[in-house]
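Asks: Next comes model02.cif, mmCIF, C-alpha atoms:
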data_my_file
#
loop_
_atom_site.label_atom_id
_atom_site.label_comp_id
_atom_site.auth_asym_id
_atom_site.auth_seq_id
_atom_site.Cartn_x
_atom_site.Cartn_y
_atom_site.Cartn_z
CA MET A 1 91.74 181.87 118.66
CA GLU A 2 95.24 182.77 119.68
CA LYS A 3 96.85 186.16 119.07
CA LEU A 4 100.35 185.82 117.57
CA ALA A 5 103.34 188.14 117.51
CA MET A 6 103.96 189.48 114.01
CA THR A 7 107.42 189.24 112.48
CA ASP A 8 108.91 191.65 109.94
CA ALA A 9 108.13 189.02 107.29
CA ASP A 10 104.47 188.94 108.41
CA PHE A 11 104.26 192.74 108.13
CA ALA A 12 105.86 192.63 104.67
CA ASN A 13 103.41 189.94 103.55
CA LEU A 14 100.50 191.89 105.03
CA ALA A 15 101.52 195.03 103.11
CA ARG A 16 101.76 192.98 99.89
CA ILE A 17 98.37 191.33 100.50
CA LEU A 18 96.69 194.66 101.34
CA ARG A 19 97.67 196.01 97.90
CA LYS A 20 95.63 193.17 96.34
CA VAL A 21 92.57 193.56 98.61
CA ASP A 22 90.13 195.81 96.79
CA PHE A 23 89.25 197.55 100.09
CA PHE A 24 92.79 198.79 100.54
CA ALA A 25 93.94 199.20 96.92
CA PRO A 26 92.82 202.88 96.68
CA MET A 27 94.84 203.84 99.75
CA THR A 28 98.17 205.62 99.46
CA ILE A 29 101.32 204.09 100.99
CA GLY A 30 100.99 206.57 103.87
CA GLN A 31 97.39 205.56 104.52
CA LEU A 32 98.34 201.87 104.43
CA GLU A 33 101.14 202.51 106.89
CA SER A 34 98.63 204.13 109.25
CA VAL A 35 96.48 200.95 109.14
CA LEU A 36 99.26 198.36 109.59
CA PRO A 37 99.82 198.89 113.36
CA TYR A 38 96.15 198.13 114.06
CA ILE A 39 96.12 194.77 112.30
CA MET A 40 96.69 191.67 114.42
CA LEU A 41 97.66 188.15 113.40
CA CYS A 42 95.57 185.37 114.98
CA ARG A 43 95.70 181.59 114.75
CA TYR A 44 92.51 179.53 114.49
CA SER A 45 92.25 175.73 114.68
CA LYS A 46 90.55 173.48 112.15
CA GLY A 47 86.82 173.42 112.89
CA GLU A 48 86.93 176.62 114.96
CA ALA A 49 84.29 179.25 114.22
CA VAL A 50 85.71 182.68 113.39
CA PHE A 51 82.19 184.01 113.96
CA LYS A 52 78.60 182.80 113.73
CA GLN A 53 75.66 184.18 111.78
CA GLY A 54 73.84 186.66 114.03
CA ASP A 55 76.95 187.64 116.04
CA ALA A 56 77.76 191.33 116.33
CA GLY A 57 80.15 192.56 113.65
CA ASP A 58 83.36 193.47 115.42
CA ALA A 59 86.21 192.78 112.99
CA PHE A 60 87.40 192.50 109.39
CA TYR A 61 89.53 189.50 108.38
CA ILE A 62 92.09 188.66 105.69
CA ILE A 63 93.21 185.06 105.27
CA TYR A 64 97.00 184.78 105.54
CA GLU A 65 97.24 180.98 105.66
CA GLY A 66 94.58 178.28 105.62
CA LYS A 67 91.04 177.96 104.33
CA VAL A 68 87.61 178.92 105.68
CA SER A 69 84.04 178.09 104.70
CA VAL A 70 81.16 180.55 104.67
CA SER A 71 77.68 179.23 105.43
CA VAL A 72 74.25 180.84 105.66
CA LYS A 73 71.18 179.61 107.49
CA LYS A 74 67.99 181.06 105.96
CA GLY A 75 65.48 180.16 108.68
CA PHE A 76 65.33 178.97 112.26
CA PHE A 77 64.56 175.35 111.32
CA SER A 78 66.70 175.19 108.17
CA PHE A 79 70.16 173.75 107.75
CA ALA A 80 73.17 175.97 107.05
CA LYS A 81 74.17 176.05 103.39
CA GLN A 82 77.81 176.46 102.30
CA VAL A 83 77.99 179.50 100.04
CA ALA A 84 81.75 179.95 99.66
CA TYR A 85 85.23 178.72 100.47
CA LEU A 86 87.91 181.35 100.99
CA SER A 87 91.69 180.96 100.88
CA PRO A 88 94.83 183.09 101.35
CA GLY A 89 94.38 186.68 100.20
CA ASP A 90 90.58 186.53 100.47
CA PHE A 91 88.83 188.77 102.98
CA PHE A 92 85.51 188.84 104.84
CA GLY A 93 83.64 190.63 107.61
CA GLU A 94 83.44 194.08 106.03
CA MET A 95 79.65 194.37 105.79
CA ALA A 96 79.07 194.20 109.54
CA LEU A 97 81.79 196.78 110.15
CA LEU A 98 80.06 199.34 107.97
CA SER A 99 76.42 198.71 108.73
CA LYS A 100 76.73 197.52 112.36
CA ASP A 101 74.27 194.79 111.39
CA ALA A 102 74.59 191.29 112.77
CA ARG A 103 76.77 188.85 110.82
CA SER A 104 74.93 187.60 107.73
CA ALA A 105 76.87 184.32 107.62
CA SER A 106 78.97 181.95 109.72
CA VAL A 107 82.68 181.46 108.98
CA THR A 108 84.48 178.30 110.07
CA CYS A 109 88.09 177.22 109.56
CA GLU A 110 88.39 174.20 107.27
CA GLU A 111 92.03 173.77 108.33
CA ASP A 112 94.42 175.38 110.80
CA SER A 113 94.53 179.01 109.68
CA ARG A 114 96.23 182.31 110.38
CA LEU A 115 94.12 185.42 109.80
CA PHE A 116 94.94 189.10 109.84
CA VAL A 117 92.30 190.83 111.99
CA LEU A 118 91.29 194.51 112.08
CA LEU A 119 88.89 195.33 114.94
CA SER A 120 85.93 197.57 114.14
CA THR A 121 86.97 200.22 116.67
CA ASP A 122 90.35 200.56 114.95
CA PHE A 123 88.68 200.27 111.54
CA GLN A 124 86.35 203.18 112.35
CA SER A 125 89.24 205.45 113.33
CA VAL A 126 91.03 204.63 110.04
CA VAL A 127 87.82 205.28 108.07
CA LEU A 128 87.26 208.64 109.80
CA GLN A 129 90.77 209.72 108.80
CA ASN A 130 90.34 208.61 105.15
CA PRO A 131 87.05 209.72 103.48
CA SER A 132 88.02 208.26 100.07
CA PHE A 133 88.80 204.93 101.74
CA ALA A 134 85.40 205.05 103.49
CA ALA A 135 83.62 205.62 100.16
CA GLU A 136 85.45 202.70 98.50
CA VAL A 137 84.74 200.35 101.40
CA GLY A 138 81.06 201.31 101.23
CA LYS A 139 80.87 200.49 97.50
CA ILE A 140 82.53 197.08 98.00
CA ALA A 141 80.24 196.22 100.91
CA GLU A 142 77.12 197.14 98.90
CA ARG A 143 78.34 194.99 95.99
CA ARG A 144 78.90 192.02 98.32
CA LYS A 145 75.56 192.54 100.07
CA PHE A 146 73.80 192.55 96.67
CA MET A 147 75.65 189.38 95.59
CA SER A 148 74.88 187.49 98.82
CA SER A 149 71.19 188.43 98.66
CA HIS A 150 71.02 187.07 95.08
CA ASN A 151 72.94 183.87 95.79
CA ASP A 152 70.04 181.51 96.46
#
Would you mind writing the file out in structure tokens?
Replies:
Amino acid sequence: MEKLAMTDADFANLARILRKVDFFAPMTIGQLESVLPYIMLCRYSKGEAVFKQGDAGDAFYIIYEGKVSVSVKKGFFSFAKQVAYLSPGDFFGEMALLSKDARSASVTCEEDSRLFVLLSTDFQSVVLQNPSFAAEVGKIAERRKFMSSHND
């Protein structure tokens, strides 16, 4: 993973993408502007793990460019099973930010990718400042948790 400098075009694209991410859609322009400075742009190589199942949840990700696969391993001696492929505009990592639980899946880059990253420490400060945002994020995370637990 390599942290990149963000251009004005990257910030403009991030703002446009955030409006389509259901986590951020309920936020006002002012609230979105308070989040933007915390979001980093990082480059990952093909085959590189963004995180592994069981890792501590420390960030939320939005795919800017590229494609990632999501896999889940059910037991110690079982093989990992692909459960999803995500592409630009898709997001992941929100459940661990809210619950502080370990990652419930592994995410690996299927091609060279650029991801927007919001660290949990920054995420928590944004949530504390925006109770309605916190409530919406909680609903989305519960929906995703329910879907992943019924995706066998």
Asks: At a cut-off of 12 Å, using all atoms listed in the file, what residues contact Thr7 (chain A)? Leave out same-chain residues fewer than 5 positions from it and give the result as a PyMOL selection string.
Replies: chain A and resi 12-14+40-41
Asks: Using all atoms listed in the file, which residue out of A:Ile62, A:Leu119, A:Ala49, A:Ala84 lies closest to Val107 (chain A)?
Replies: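 Distance minimum relative to Val107 (chain A) lands on A:Ala49.
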Asks: Find the residue from A:Ala59, A:Ile39, A:Val21, A:Ala105 that sits nearest to Pro88 (chain A); use all atoms listed in the file when measuring.
Replies: A:Val21
Asks: Counting all atoms listed in the file, which residues of region 10-116 of chain A fall within 12 Å of region 120-133 of chain A, and what is the closest atom pair for each with its distance in Å at one decimal, ordered by chain and rising number, as a Markdown table?
Replies:
| residue | atom | partner | partner_atom | distance |
| --- | --- | --- | --- | --- |
| A:Asp22 | CA | A:Phe133 | CA | 10.5 |
| A:Phe23 | CA | A:Phe133 | CA | 7.6 |
| A:Phe24 | CA | A:Phe133 | CA | 7.4 |
| A:Ala25 | CA | A:Phe133 | CA | 9.1 |
| A:Pro26 | CA | A:Phe133 | CA | 6.8 |
| A:Met27 | CA | A:Phe133 | CA | 6.5 |
| A:Thr28 | CA | A:Phe133 | CA | 9.7 |
| A:Gly30 | CA | A:Asn130 | CA | 10.9 |
| A:Gln31 | CA | A:Asn130 | CA | 7.7 |
| A:Leu32 | CA | A:Val126 | CA | 9.6 |
| A:Glu33 | CA | A:Val126 | CA | 10.8 |
| A:Ser34 | CA | A:Val126 | CA | 7.7 |
| A:Val35 | CA | A:Val126 | CA | 6.6 |
| A:Leu36 | CA | A:Val126 | CA | 10.4 |
| A:Pro37 | CA | A:Asp122 | CA | 9.7 |
| A:Tyr38 | CA | A:Asp122 | CA | 6.4 |
| A:Ile39 | CA | A:Asp122 | CA | 8.6 |
| A:Met40 | CA | A:Asp122 | CA | 10.9 |
| A:Ala56 | CA | A:Ser120 | CA | 10.5 |
| A:Gly57 | CA | A:Ser120 | CA | 7.7 |
| A:Asp58 | CA | A:Ser120 | CA | 5.0 |
| A:Ala59 | CA | A:Ser120 | CA | 4.9 |
| A:Phe60 | CA | A:Ser120 | CA | 7.1 |
| A:Tyr61 | CA | A:Ser120 | CA | 10.5 |
| A:Gly93 | CA | A:Ser120 | CA | 9.8 |
| A:Glu94 | CA | A:Ser120 | CA | 9.2 |
| A:Met95 | CA | A:Ser120 | CA | 10.9 |
| A:Ala96 | CA | A:Ser120 | CA | 8.9 |
| A:Leu97 | CA | A:Ser120 | CA | 5.8 |
| A:Leu98 | CA | A:Gln124 | CA | 8.6 |
| A:Ser99 | CA | A:Ser120 | CA | 11.0 |
| A:Lys100 | CA | A:Ser120 | CA | 9.4 |
Asks: With only C-alpha atoms as the basis for distance, which of A:Ala102, A:Ala5, A:Leu115, A:Ala15 is at the shortest distance from Tyr64 (chain A)?
Replies: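 Of A:Ala102, A:Ala5, A:Leu115, A:Ala15, the one nearest Tyr64 (chain A) is A:Leu115, counting only C-alpha atoms.
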Asks: State, in Å with one decimal place, the distance from CA of Phe11 (chain A) to CA of Gly138 (chain A).
Replies: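 Computing it gives 25.7 Å between the two atoms.
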Asks: Using Å and a single decimal, report how far CA of Val50 (chain A) sits from CA of Val117 (chain A).
Replies: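 That distance, rounded to one decimal, is 10.6 Å.
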Asks: Filtering to all heavy atoms, could region 88-101 of chain A of the supplied structure be written out as a short mmCIF file (atom, residue, chain, number, x, y, z; two decimals), in the first residue's frame?
Replies:
data_model
loop_
_atom_site.label_atom_id
_atom_site.label_comp_id
_atom_site.auth_asym_id
_atom_site.auth_seq_id
_atom_site.Cartn_x
_atom_site.Cartn_y
_atom_site.Cartn_z
N PRO A 88 -15.33 0.15 -8.79
CA PRO A 88 -15.39 1.57 -8.45
C PRO A 88 -16.77 2.03 -7.96
O PRO A 88 -17.79 1.69 -8.53
CB PRO A 88 -15.00 2.27 -9.76
CG PRO A 88 -14.03 1.29 -10.37
CD PRO A 88 -14.64 -0.06 -10.06
N GLY A 89 -16.71 2.79 -6.84
CA GLY A 89 -17.93 3.29 -6.21
C GLY A 89 -18.43 2.40 -5.09
O GLY A 89 -19.17 2.84 -4.22
N ASP A 90 -18.00 1.12 -5.07
CA ASP A 90 -18.38 0.23 -3.99
C ASP A 90 -17.55 0.54 -2.75
O ASP A 90 -16.45 1.08 -2.85
CB ASP A 90 -18.16 -1.23 -4.38
CG ASP A 90 -19.13 -1.72 -5.45
OD1 ASP A 90 -20.25 -1.17 -5.54
OD2 ASP A 90 -18.77 -2.65 -6.20
N PHE A 91 -18.08 0.18 -1.59
CA PHE A 91 -17.36 0.45 -0.35
C PHE A 91 -17.40 -0.79 0.55
O PHE A 91 -18.23 -1.67 0.38
CB PHE A 91 -17.94 1.66 0.38
CG PHE A 91 -19.38 1.50 0.80
CD1 PHE A 91 -19.70 1.05 2.07
CD2 PHE A 91 -20.41 1.83 -0.07
CE1 PHE A 91 -21.02 0.90 2.46
CE2 PHE A 91 -21.73 1.69 0.32
CZ PHE A 91 -22.03 1.22 1.60
N PHE A 92 -16.47 -0.83 1.51
CA PHE A 92 -16.39 -1.96 2.45
C PHE A 92 -15.61 -1.53 3.68
O PHE A 92 -14.94 -0.50 3.67
CB PHE A 92 -15.73 -3.17 1.77
CG PHE A 92 -14.35 -2.92 1.23
CD1 PHE A 92 -13.22 -3.20 1.98
CD2 PHE A 92 -14.18 -2.39 -0.06
CE1 PHE A 92 -11.95 -2.95 1.47
CE2 PHE A 92 -12.91 -2.15 -0.57
CZ PHE A 92 -11.80 -2.44 0.20
N GLY A 93 -15.74 -2.33 4.73
CA GLY A 93 -14.98 -2.08 5.96
C GLY A 93 -15.76 -1.38 7.04
O GLY A 93 -15.23 -1.12 8.12
N GLU A 94 -17.04 -1.08 6.80
CA GLU A 94 -17.80 -0.30 7.77
C GLU A 94 -18.21 -1.06 9.02
O GLU A 94 -18.30 -0.49 10.09
CB GLU A 94 -19.04 0.32 7.10
CG GLU A 94 -20.16 -0.65 6.77
CD GLU A 94 -19.88 -1.55 5.58
OE1 GLU A 94 -18.86 -1.38 4.90
OE2 GLU A 94 -20.70 -2.44 5.35
N MET A 95 -18.42 -2.37 8.91
CA MET A 95 -18.89 -3.12 10.07
C MET A 95 -17.86 -3.11 11.20
O MET A 95 -18.21 -2.91 12.36
CB MET A 95 -19.25 -4.56 9.68
CG MET A 95 -20.50 -4.63 8.84
SD MET A 95 -21.17 -6.29 8.62
CE MET A 95 -19.85 -7.16 7.84
N ALA A 96 -16.61 -3.31 10.88
CA ALA A 96 -15.58 -3.33 11.91
C ALA A 96 -15.40 -1.96 12.56
O ALA A 96 -15.05 -1.88 13.73
CB ALA A 96 -14.26 -3.82 11.33
N LEU A 97 -15.63 -0.90 11.80
CA LEU A 97 -15.50 0.44 12.37
C LEU A 97 -16.55 0.69 13.46
O LEU A 97 -16.28 1.37 14.44
CB LEU A 97 -15.67 1.50 11.28
CG LEU A 97 -14.56 1.61 10.27
CD1 LEU A 97 -14.91 2.67 9.24
CD2 LEU A 97 -13.25 1.96 10.93
N LEU A 98 -17.73 0.17 13.26
CA LEU A 98 -18.82 0.42 14.20
C LEU A 98 -18.79 -0.51 15.40
O LEU A 98 -19.06 -0.11 16.52
CB LEU A 98 -20.16 0.28 13.48
CG LEU A 98 -20.37 1.29 12.37
CD1 LEU A 98 -21.60 0.95 11.58
CD2 LEU A 98 -20.47 2.69 12.95
N SER A 99 -18.50 -1.78 15.15
CA SER A 99 -18.60 -2.77 16.21
C SER A 99 -17.27 -3.03 16.90
O SER A 99 -17.24 -3.64 17.96
CB SER A 99 -19.13 -4.08 15.64
OG SER A 99 -18.17 -4.62 14.74
N LYS A 100 -16.17 -2.62 16.30
CA LYS A 100 -14.82 -2.90 16.79
C LYS A 100 -14.50 -4.39 16.74
O LYS A 100 -13.53 -4.84 17.31
CB LYS A 100 -14.61 -2.36 18.21
CG LYS A 100 -14.83 -0.89 18.37
CD LYS A 100 -13.76 -0.12 17.65
CE LYS A 100 -13.92 1.37 17.95
NZ LYS A 100 -13.43 2.21 16.92
N ASP A 101 -15.36 -5.17 16.08
CA ASP A 101 -15.10 -6.59 15.92
C ASP A 101 -13.99 -6.80 14.90
O ASP A 101 -13.68 -5.91 14.11
CB ASP A 101 -16.35 -7.32 15.41
CG ASP A 101 -17.44 -7.42 16.47
OD1 ASP A 101 -17.14 -7.20 17.66
OD2 ASP A 101 -18.59 -7.70 16.08
#
